[in-house]
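entry30.txt (compact mmCIF, N, CA and C atoms)
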# COMPACT_ATOMS: atom_id res chain seq x y z
N MET K 135 147.79 16.75 -199.63
CA MET K 135 146.45 17.00 -200.11
C MET K 135 145.40 16.40 -199.18
N GLY K 136 145.72 15.32 -198.49
CA GLY K 136 144.77 14.70 -197.57
C GLY K 136 144.39 15.65 -196.44
N LEU K 137 145.35 16.46 -195.98
CA LEU K 137 145.07 17.41 -194.91
C LEU K 137 144.07 18.46 -195.37
N ALA K 138 144.21 18.93 -196.62
CA ALA K 138 143.28 19.94 -197.15
C ALA K 138 141.86 19.37 -197.19
N ARG K 139 141.71 18.11 -197.60
CA ARG K 139 140.38 17.50 -197.64
C ARG K 139 139.79 17.39 -196.24
N THR K 140 140.63 17.05 -195.27
CA THR K 140 140.16 16.94 -193.88
C THR K 140 139.72 18.31 -193.36
N ILE K 141 140.47 19.35 -193.69
CA ILE K 141 140.11 20.70 -193.26
C ILE K 141 138.80 21.13 -193.91
N VAL K 142 138.63 20.88 -195.20
CA VAL K 142 137.39 21.24 -195.90
C VAL K 142 136.21 20.51 -195.26
N ARG K 143 136.36 19.22 -194.99
CA ARG K 143 135.28 18.46 -194.35
C ARG K 143 134.95 19.08 -192.99
N HIS K 144 135.96 19.40 -192.21
CA HIS K 144 135.75 19.98 -190.87
C HIS K 144 135.04 21.34 -190.97
N VAL K 145 135.46 22.18 -191.90
CA VAL K 145 134.85 23.50 -192.05
C VAL K 145 133.39 23.38 -192.47
N ILE K 146 133.12 22.51 -193.43
CA ILE K 146 131.73 22.37 -193.91
C ILE K 146 130.85 21.75 -192.83
N GLU K 147 131.32 20.67 -192.23
CA GLU K 147 130.50 20.01 -191.22
C GLU K 147 130.38 20.83 -189.94
N GLY K 148 131.45 21.51 -189.55
CA GLY K 148 131.42 22.30 -188.31
C GLY K 148 130.86 23.69 -188.49
N ASP K 149 131.57 24.51 -189.24
CA ASP K 149 131.15 25.90 -189.43
C ASP K 149 129.86 25.99 -190.25
N GLY K 150 129.74 25.15 -191.28
CA GLY K 150 128.52 25.16 -192.09
C GLY K 150 127.31 24.79 -191.26
N SER K 151 127.45 23.77 -190.42
CA SER K 151 126.34 23.37 -189.53
C SER K 151 125.95 24.51 -188.60
N ALA K 152 126.94 25.19 -188.05
CA ALA K 152 126.65 26.30 -187.13
C ALA K 152 125.93 27.44 -187.85
N LYS K 153 126.35 27.76 -189.05
CA LYS K 153 125.72 28.85 -189.79
C LYS K 153 124.30 28.52 -190.24
N LEU K 154 124.05 27.26 -190.58
CA LEU K 154 122.71 26.86 -191.03
C LEU K 154 121.79 26.47 -189.87
N HIS K 155 122.35 26.36 -188.68
CA HIS K 155 121.58 25.96 -187.49
C HIS K 155 121.00 24.55 -187.66
N ARG K 156 121.73 23.71 -188.32
CA ARG K 156 121.38 22.30 -188.46
C ARG K 156 122.62 21.55 -188.93
N ARG K 157 122.64 20.27 -188.70
CA ARG K 157 123.84 19.49 -188.95
C ARG K 157 124.03 19.17 -190.43
N ILE K 158 125.27 19.31 -190.88
CA ILE K 158 125.68 18.89 -192.22
C ILE K 158 126.64 17.72 -192.03
N ILE K 159 126.40 16.64 -192.75
CA ILE K 159 127.24 15.45 -192.63
C ILE K 159 127.70 15.04 -194.02
N ILE K 160 129.00 14.79 -194.15
CA ILE K 160 129.55 14.29 -195.41
C ILE K 160 129.96 12.84 -195.14
N HIS K 161 129.17 11.90 -195.65
CA HIS K 161 129.46 10.48 -195.42
C HIS K 161 130.48 9.92 -196.40
N GLY K 162 130.66 10.59 -197.52
CA GLY K 162 131.56 10.08 -198.55
C GLY K 162 132.86 10.85 -198.60
N THR K 163 133.48 10.80 -199.75
CA THR K 163 134.78 11.43 -199.94
C THR K 163 134.64 12.91 -200.25
N VAL K 164 135.73 13.63 -200.02
CA VAL K 164 135.84 15.05 -200.37
C VAL K 164 136.97 15.16 -201.39
N GLY K 165 136.67 15.79 -202.51
CA GLY K 165 137.70 15.99 -203.53
C GLY K 165 137.91 17.48 -203.78
N ILE K 166 139.15 17.85 -204.08
CA ILE K 166 139.48 19.25 -204.37
C ILE K 166 140.31 19.30 -205.64
N ASP K 167 139.84 20.08 -206.62
CA ASP K 167 140.62 20.37 -207.83
C ASP K 167 141.09 21.81 -207.70
N TRP K 168 142.40 22.01 -207.48
CA TRP K 168 142.95 23.33 -207.20
C TRP K 168 143.14 24.15 -208.46
N SER K 169 142.74 25.44 -208.40
CA SER K 169 142.96 26.42 -209.46
C SER K 169 142.55 27.77 -208.87
N LEU K 170 142.50 28.83 -209.69
CA LEU K 170 141.98 30.11 -209.20
C LEU K 170 140.49 30.02 -208.91
N ASP K 171 139.84 29.05 -209.53
CA ASP K 171 138.44 28.73 -209.24
C ASP K 171 138.39 27.26 -208.83
N PRO K 172 138.83 26.93 -207.61
CA PRO K 172 138.89 25.51 -207.23
C PRO K 172 137.49 24.88 -207.21
N CYS K 173 137.48 23.58 -207.41
CA CYS K 173 136.23 22.83 -207.43
C CYS K 173 136.24 21.83 -206.27
N LEU K 174 135.19 21.88 -205.45
CA LEU K 174 135.03 20.93 -204.36
C LEU K 174 133.98 19.91 -204.77
N THR K 175 134.26 18.65 -204.51
CA THR K 175 133.31 17.58 -204.75
C THR K 175 133.06 16.87 -203.43
N LEU K 176 131.82 16.91 -202.99
CA LEU K 176 131.42 16.27 -201.73
C LEU K 176 130.48 15.13 -202.07
N ASN K 177 130.78 13.95 -201.60
CA ASN K 177 129.96 12.78 -201.91
C ASN K 177 129.17 12.35 -200.68
N ARG K 178 127.90 11.97 -200.94
CA ARG K 178 126.97 11.49 -199.92
C ARG K 178 126.84 12.52 -198.78
N VAL K 179 126.14 13.60 -199.10
CA VAL K 179 125.95 14.73 -198.19
C VAL K 179 124.54 14.71 -197.62
N ILE K 180 124.44 15.02 -196.34
CA ILE K 180 123.13 15.13 -195.68
C ILE K 180 123.06 16.49 -194.99
N VAL K 181 121.93 17.18 -195.18
CA VAL K 181 121.62 18.39 -194.41
C VAL K 181 120.42 18.02 -193.55
N ALA K 182 120.63 18.01 -192.24
CA ALA K 182 119.58 17.58 -191.31
C ALA K 182 118.46 18.61 -191.22
N ASP K 183 117.33 18.14 -190.78
CA ASP K 183 116.21 19.02 -190.47
C ASP K 183 116.51 19.74 -189.16
N PRO K 184 115.76 20.81 -188.85
CA PRO K 184 115.91 21.42 -187.53
C PRO K 184 115.52 20.42 -186.44
N ALA K 185 115.88 20.70 -185.21
CA ALA K 185 115.67 19.77 -184.10
C ALA K 185 114.20 19.37 -183.94
N TRP K 186 113.26 20.26 -184.29
CA TRP K 186 111.84 19.97 -184.09
C TRP K 186 111.26 19.05 -185.17
N ALA K 187 112.00 18.81 -186.25
CA ALA K 187 111.49 17.99 -187.35
C ALA K 187 112.16 16.61 -187.34
N GLN K 188 111.69 15.72 -188.20
CA GLN K 188 112.24 14.37 -188.26
C GLN K 188 112.91 14.14 -189.60
N GLY K 189 113.99 13.38 -189.55
CA GLY K 189 114.67 12.98 -190.78
C GLY K 189 115.51 14.08 -191.39
N PRO K 190 116.22 13.77 -192.46
CA PRO K 190 117.03 14.79 -193.12
C PRO K 190 116.17 15.70 -194.00
N MET K 191 116.60 16.94 -194.12
CA MET K 191 115.93 17.87 -195.03
C MET K 191 116.38 17.60 -196.46
N VAL K 192 117.70 17.38 -196.62
CA VAL K 192 118.26 17.13 -197.95
C VAL K 192 119.31 16.02 -197.85
N THR K 193 119.24 15.09 -198.79
CA THR K 193 120.34 14.15 -198.99
C THR K 193 120.72 14.26 -200.46
N MET K 194 121.98 14.07 -200.75
CA MET K 194 122.39 14.09 -202.15
C MET K 194 123.58 13.17 -202.36
N ARG K 195 123.60 12.56 -203.51
CA ARG K 195 124.70 11.67 -203.84
C ARG K 195 125.99 12.46 -203.98
N GLN K 196 125.88 13.64 -204.62
CA GLN K 196 127.09 14.44 -204.83
C GLN K 196 126.75 15.91 -204.94
N LEU K 197 127.59 16.73 -204.34
CA LEU K 197 127.53 18.18 -204.48
C LEU K 197 128.88 18.61 -205.04
N ARG K 198 128.83 19.31 -206.15
CA ARG K 198 130.07 19.78 -206.78
C ARG K 198 129.94 21.29 -206.94
N VAL K 199 130.89 22.02 -206.39
CA VAL K 199 130.82 23.48 -206.42
C VAL K 199 132.18 24.06 -206.81
N ARG K 200 132.13 25.00 -207.74
CA ARG K 200 133.33 25.75 -208.14
C ARG K 200 133.26 27.11 -207.45
N ILE K 201 134.35 27.53 -206.83
CA ILE K 201 134.38 28.76 -206.05
C ILE K 201 135.40 29.72 -206.66
N ALA K 202 134.97 30.92 -206.99
CA ALA K 202 135.88 31.94 -207.51
C ALA K 202 136.61 32.58 -206.32
N LEU K 203 137.92 32.45 -206.28
CA LEU K 203 138.69 32.94 -205.14
C LEU K 203 138.86 34.46 -205.11
N LEU K 204 139.09 35.09 -206.26
CA LEU K 204 139.37 36.53 -206.27
C LEU K 204 138.22 37.37 -205.69
N PRO K 205 136.95 37.09 -205.99
CA PRO K 205 135.87 37.87 -205.36
C PRO K 205 135.83 37.75 -203.83
N LEU K 206 136.36 36.65 -203.30
CA LEU K 206 136.38 36.50 -201.84
C LEU K 206 137.20 37.61 -201.18
N LEU K 207 138.17 38.14 -201.90
CA LEU K 207 138.98 39.25 -201.37
C LEU K 207 138.15 40.51 -201.16
N HIS K 208 137.00 40.58 -201.84
CA HIS K 208 136.10 41.73 -201.73
C HIS K 208 134.81 41.35 -201.01
N ASP K 209 134.87 40.28 -200.19
CA ASP K 209 133.72 39.82 -199.40
C ASP K 209 132.52 39.45 -200.27
N ARG K 210 132.78 38.95 -201.47
CA ARG K 210 131.71 38.46 -202.34
C ARG K 210 131.91 36.98 -202.58
N VAL K 211 130.83 36.24 -202.57
CA VAL K 211 130.90 34.80 -202.87
C VAL K 211 130.32 34.59 -204.26
N VAL K 212 131.16 34.09 -205.15
CA VAL K 212 130.75 33.81 -206.52
C VAL K 212 131.03 32.34 -206.78
N LEU K 213 129.97 31.63 -207.17
CA LEU K 213 130.08 30.22 -207.49
C LEU K 213 129.82 30.07 -208.99
N PRO K 214 130.87 29.97 -209.80
CA PRO K 214 130.65 29.84 -211.24
C PRO K 214 129.77 28.64 -211.59
N SER K 215 129.85 27.57 -210.80
CA SER K 215 128.97 26.44 -211.06
C SER K 215 128.66 25.71 -209.75
N LEU K 216 127.44 25.19 -209.70
CA LEU K 216 126.96 24.40 -208.56
C LEU K 216 126.15 23.26 -209.14
N ALA K 217 126.56 22.03 -208.84
CA ALA K 217 125.87 20.86 -209.38
C ALA K 217 125.47 19.93 -208.25
N LEU K 218 124.20 19.54 -208.25
CA LEU K 218 123.68 18.60 -207.26
C LEU K 218 123.27 17.33 -208.00
N ARG K 219 123.80 16.20 -207.57
CA ARG K 219 123.46 14.93 -208.20
C ARG K 219 122.62 14.09 -207.26
N ARG K 220 121.44 13.71 -207.71
CA ARG K 220 120.47 12.91 -206.96
C ARG K 220 120.10 13.54 -205.60
N PRO K 221 119.73 14.83 -205.61
CA PRO K 221 119.27 15.41 -204.35
C PRO K 221 117.84 14.98 -204.04
N VAL K 222 117.59 14.67 -202.81
CA VAL K 222 116.24 14.37 -202.32
C VAL K 222 115.96 15.39 -201.23
N THR K 223 114.95 16.24 -201.46
CA THR K 223 114.65 17.34 -200.56
C THR K 223 113.24 17.20 -200.00
N HIS K 224 113.13 17.38 -198.69
CA HIS K 224 111.84 17.33 -198.00
C HIS K 224 111.60 18.69 -197.35
N LEU K 225 110.63 19.43 -197.87
CA LEU K 225 110.26 20.72 -197.30
C LEU K 225 109.00 20.52 -196.47
N ASP K 226 109.05 21.02 -195.24
CA ASP K 226 107.96 20.76 -194.30
C ASP K 226 107.60 22.05 -193.57
N ARG K 227 106.30 22.34 -193.53
CA ARG K 227 105.80 23.49 -192.75
C ARG K 227 104.62 22.98 -191.93
N PRO K 228 104.91 22.49 -190.71
CA PRO K 228 103.83 21.96 -189.89
C PRO K 228 102.93 23.04 -189.30
N SER K 229 103.43 24.27 -189.22
CA SER K 229 102.64 25.39 -188.74
C SER K 229 103.09 26.64 -189.48
N PRO K 230 102.31 27.72 -189.44
CA PRO K 230 102.67 28.92 -190.20
C PRO K 230 104.04 29.51 -189.82
N THR K 231 104.49 29.25 -188.60
CA THR K 231 105.74 29.87 -188.15
C THR K 231 106.91 28.89 -188.12
N ARG K 232 106.74 27.67 -188.65
CA ARG K 232 107.81 26.68 -188.54
C ARG K 232 108.15 26.00 -189.87
N PRO K 233 108.60 26.73 -190.87
CA PRO K 233 109.05 26.05 -192.09
C PRO K 233 110.48 25.53 -191.89
N ASN K 234 110.76 24.33 -192.37
CA ASN K 234 112.10 23.79 -192.17
C ASN K 234 113.14 24.40 -193.11
N TRP K 235 112.70 25.20 -194.07
CA TRP K 235 113.65 25.80 -195.01
C TRP K 235 114.17 27.16 -194.56
N VAL K 236 113.79 27.62 -193.40
CA VAL K 236 114.34 28.87 -192.86
C VAL K 236 115.56 28.50 -192.02
N PHE K 237 116.70 29.04 -192.37
CA PHE K 237 117.97 28.64 -191.77
C PHE K 237 118.49 29.60 -190.71
N VAL K 238 117.62 30.34 -190.08
CA VAL K 238 118.07 31.25 -189.02
C VAL K 238 117.21 31.01 -187.79
N THR K 239 117.74 31.40 -186.66
CA THR K 239 116.94 31.32 -185.44
C THR K 239 116.52 32.74 -185.08
N PRO K 240 115.33 32.92 -184.53
CA PRO K 240 114.90 34.27 -184.16
C PRO K 240 115.84 34.87 -183.12
N ARG K 241 116.12 36.12 -183.28
CA ARG K 241 117.00 36.83 -182.34
C ARG K 241 116.26 38.03 -181.77
N PRO K 242 116.64 38.43 -180.58
CA PRO K 242 116.04 39.65 -180.05
C PRO K 242 116.39 40.83 -180.95
N ARG K 243 115.51 41.82 -180.97
CA ARG K 243 115.76 42.99 -181.81
C ARG K 243 117.00 43.73 -181.34
N THR K 244 117.91 43.92 -182.26
CA THR K 244 119.14 44.66 -181.99
C THR K 244 119.36 45.59 -183.18
N PRO K 245 120.37 46.41 -183.11
CA PRO K 245 120.65 47.25 -184.28
C PRO K 245 120.78 46.39 -185.54
N ARG K 246 120.34 46.94 -186.63
CA ARG K 246 120.30 46.20 -187.89
C ARG K 246 121.69 45.67 -188.26
N PRO K 247 121.79 44.35 -188.51
CA PRO K 247 123.09 43.79 -188.90
C PRO K 247 123.40 44.16 -190.35
N GLN K 248 124.65 43.92 -190.72
CA GLN K 248 125.05 44.17 -192.10
C GLN K 248 124.23 43.28 -193.03
N LEU K 249 123.87 43.82 -194.15
CA LEU K 249 123.12 43.07 -195.14
C LEU K 249 124.04 42.00 -195.74
N ARG K 250 123.59 40.76 -195.71
CA ARG K 250 124.36 39.67 -196.32
C ARG K 250 123.77 39.40 -197.69
N VAL K 251 124.64 39.33 -198.66
CA VAL K 251 124.21 39.09 -200.02
C VAL K 251 124.38 37.60 -200.31
N ALA K 252 123.38 37.01 -200.91
CA ALA K 252 123.45 35.59 -201.27
C ALA K 252 124.56 35.38 -202.29
N PRO K 253 125.14 34.20 -202.30
CA PRO K 253 126.17 33.91 -203.31
C PRO K 253 125.62 34.05 -204.72
N ARG K 254 126.43 34.51 -205.61
CA ARG K 254 126.04 34.56 -207.02
C ARG K 254 126.40 33.23 -207.66
N ILE K 255 125.42 32.57 -208.24
CA ILE K 255 125.64 31.26 -208.86
C ILE K 255 125.55 31.43 -210.36
N GLY K 256 126.63 31.07 -211.05
CA GLY K 256 126.65 31.21 -212.50
C GLY K 256 125.81 30.15 -213.19
N ARG K 257 126.02 28.89 -212.82
CA ARG K 257 125.30 27.78 -213.47
C ARG K 257 124.89 26.78 -212.39
N LEU K 258 123.60 26.48 -212.33
CA LEU K 258 123.07 25.51 -211.38
C LEU K 258 122.56 24.31 -212.17
N VAL K 259 123.06 23.13 -211.82
CA VAL K 259 122.65 21.90 -212.49
C VAL K 259 122.16 20.93 -211.42
N ILE K 260 120.94 20.45 -211.59
CA ILE K 260 120.37 19.45 -210.69
C ILE K 260 119.99 18.25 -211.55
N THR K 261 120.57 17.09 -211.24
CA THR K 261 120.26 15.89 -212.01
C THR K 261 119.60 14.85 -211.12
N HIS K 262 118.56 14.25 -211.64
CA HIS K 262 117.82 13.18 -210.96
C HIS K 262 117.39 13.60 -209.55
N GLY K 263 116.81 14.80 -209.44
CA GLY K 263 116.36 15.31 -208.16
C GLY K 263 114.93 14.90 -207.83
N HIS K 264 114.60 14.96 -206.55
CA HIS K 264 113.26 14.64 -206.07
C HIS K 264 112.96 15.60 -204.92
N ILE K 265 111.73 16.14 -204.90
CA ILE K 265 111.35 17.06 -203.84
C ILE K 265 109.95 16.72 -203.36
N THR K 266 109.76 16.79 -202.06
CA THR K 266 108.42 16.67 -201.49
C THR K 266 108.17 17.91 -200.63
N VAL K 267 106.92 18.34 -200.64
CA VAL K 267 106.52 19.52 -199.85
C VAL K 267 105.29 19.13 -199.04
N HIS K 268 105.39 19.36 -197.76
CA HIS K 268 104.25 19.16 -196.87
C HIS K 268 103.98 20.51 -196.20
N ASP K 269 102.84 21.10 -196.51
CA ASP K 269 102.46 22.40 -195.95
C ASP K 269 101.13 22.24 -195.22
N ALA K 270 101.20 21.94 -193.93
CA ALA K 270 100.00 21.67 -193.13
C ALA K 270 99.04 22.86 -193.11
N PRO K 271 99.49 24.11 -192.87
CA PRO K 271 98.54 25.23 -192.84
C PRO K 271 97.77 25.40 -194.15
N ALA K 272 98.40 25.06 -195.26
CA ALA K 272 97.74 25.18 -196.56
C ALA K 272 97.05 23.87 -196.97
N ALA K 273 97.16 22.86 -196.12
CA ALA K 273 96.61 21.52 -196.43
C ALA K 273 97.07 21.04 -197.80
N THR K 274 98.41 21.13 -198.02
CA THR K 274 98.98 20.82 -199.32
C THR K 274 100.13 19.83 -199.16
N ASP K 275 100.13 18.82 -200.00
CA ASP K 275 101.25 17.89 -200.10
C ASP K 275 101.60 17.77 -201.57
N LEU K 276 102.87 17.97 -201.91
CA LEU K 276 103.34 17.87 -203.29
C LEU K 276 104.50 16.90 -203.34
N VAL K 277 104.55 16.13 -204.42
CA VAL K 277 105.67 15.21 -204.63
C VAL K 277 106.19 15.43 -206.05

If you convert what's in this file into C-alpha cells, what do you get?
Amino acid sequence: MGLARTIVRHVIEGDGSAKLHRRIIIHGTVGIDWSLDPCLTLNRVIVADPAWAQGPMVTMRQLRVRIALLPLLHDRVVLPSLALRRPVTHLDRPSPTRPNWVFVTPRPRTPRPQLRVAPRIGRLVITHGHITVHDAPAATDLV
C-alpha cells in the first residue's frame, strides 16, 4: 500500500502541477481507501501561484476526494464527494489580463481542441475556509 501512496503523490505533484501550470505540493500524508469509489486523503496541500505572483494561491489542511472509477472508462470524471478542510485561498488580479485563477497558458491559434468537461462533483464541503480577493483593475479588496 505504501507504493500506491507514493505513486498517487507523484502523479498529483508531477502531472497535476503540469496540467495546472503551477506547482502542487503535498507536505503531509497521503491516504487511500480502496473501493469502486476510492477515497484519497491529502494532508497539508499547497497550490502555488503562477510564476509572476507571490506566495501560494491555496493552502489547505486536508483535501479529501472520492473518485468514481466506472465513469473513467467513458472519459468522464465524477467525484461523488470533495471536501476541503481549512482552505486558505488568495485570488489576485493585478491587471485585467493576469488573474491567478486562470490555469492555462495562452497558446497560438490552432485547430479547436476537444472540449474538456469539468468534473462532476456530487457533494462539495468546505470547512473553516478563508478567501481573499485582490482585484487591482476594479480597485477591490475582499476578505

Item to complete: Tell me, as a PyMOL selection string, which residues lie within 7 Å of range 161-174 of chain K, counting all atoms listed in the file; anything in the same chain fewer than 3 positions away does not count.
Response: chain K and resi 139+143+177-180+197-204

Worksheet item: Which of these, K:Arg219, K:Arg227, K:Arg232, K:Arg254, has the shortest distance to Ala270 in chain K once you count only N, CA and C atoms?
Response: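 Of all the options, K:Arg227 lies closest to Ala270 in chain K.
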
Item to complete: Please identify which residues in range 137-179 of chain K DSSP calls strand (DSSP E) from the backbone, and express them as number ranges by chain.
Response: K: 158-160, 164-167, 173-179

Practice prompt. Would you mind reading off the distance between atom C of Gly148 in chain K and CA of Val236 in chain K, one decimal, in Å?
Written response: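 Separation of atom C of Gly148 in chain K and CA of Val236 in chain K: 17.9 Å.
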
Worksheet item: How many Å separate CA of Val142 in chain K from CA of Leu176 in chain K?
Response: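 About the pair CA of Val142 in chain K and CA of Leu176 in chain K: they are 9.7 Å apart.
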
Discussion item. My list of candidates is K:Leu154, K:Ala187, K:Ile146, K:Ala138. Which is closest to Pro233 in chain K when distances are computed with only C-alpha atoms?
Written reply: K:Ala187

Worksheet, complete the sentence: Atom pair atom N of Ile159 in chain K + CA of Ala182 in chain K, distance 7.0 Å

Item to complete: Go ahead and find all residues with at least one atom no further than 8 Å from (113.8, 14.4, -194.5) in the file's coordinates, using only C-alpha atoms; report them as a list in words.
Response: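 I get Ala182, Asp183, Gln188, Gly189, Pro190, Met191, Val192, Thr193, Thr223, His224 and Leu225 of chain K for the residues within 8 Å of that point.
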
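With distances restricted to all atoms listed in the file, K:Val181 is the closest residue to Arg157 in chain K from K:Val181, K:Leu137, K:Thr274, K:Val222.
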
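Comparing the minimum interatomic distances between Pro214 in chain K and each of K:Pro184, K:Ile255, K:Thr261, K:Asp275, counting only N, CA and C atoms, we find that K:Ile255 sits nearest.
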
Give the padded box for range 187-191 of chain K as lines of an AutoDock Vina configuration file: axis-aligned, covering all atoms listed in the file, 3 Å on each side, centre and edge lengths in Å to one decimal.
center_x = 114.3
center_y = 15.9
center_z = -191.4
size_x = 11.5
size_y = 11.8
size_z = 16.2

Discussion item. Residues near Leu218 in chain K, anyone? I mean within 7 Å using only N, CA and C atoms, not counting same-chain ones fewer than 5 positions away, as a PyMOL selection string.
Written reply: chain K and resi 194-198+258-262

Practice prompt. From chain K, collect each residue whose DSSP state is alpha helix (DSSP H) and return the set as a VMD selection string.
Written response: chain K and resid 136 to 144 151 to 154 203 to 206
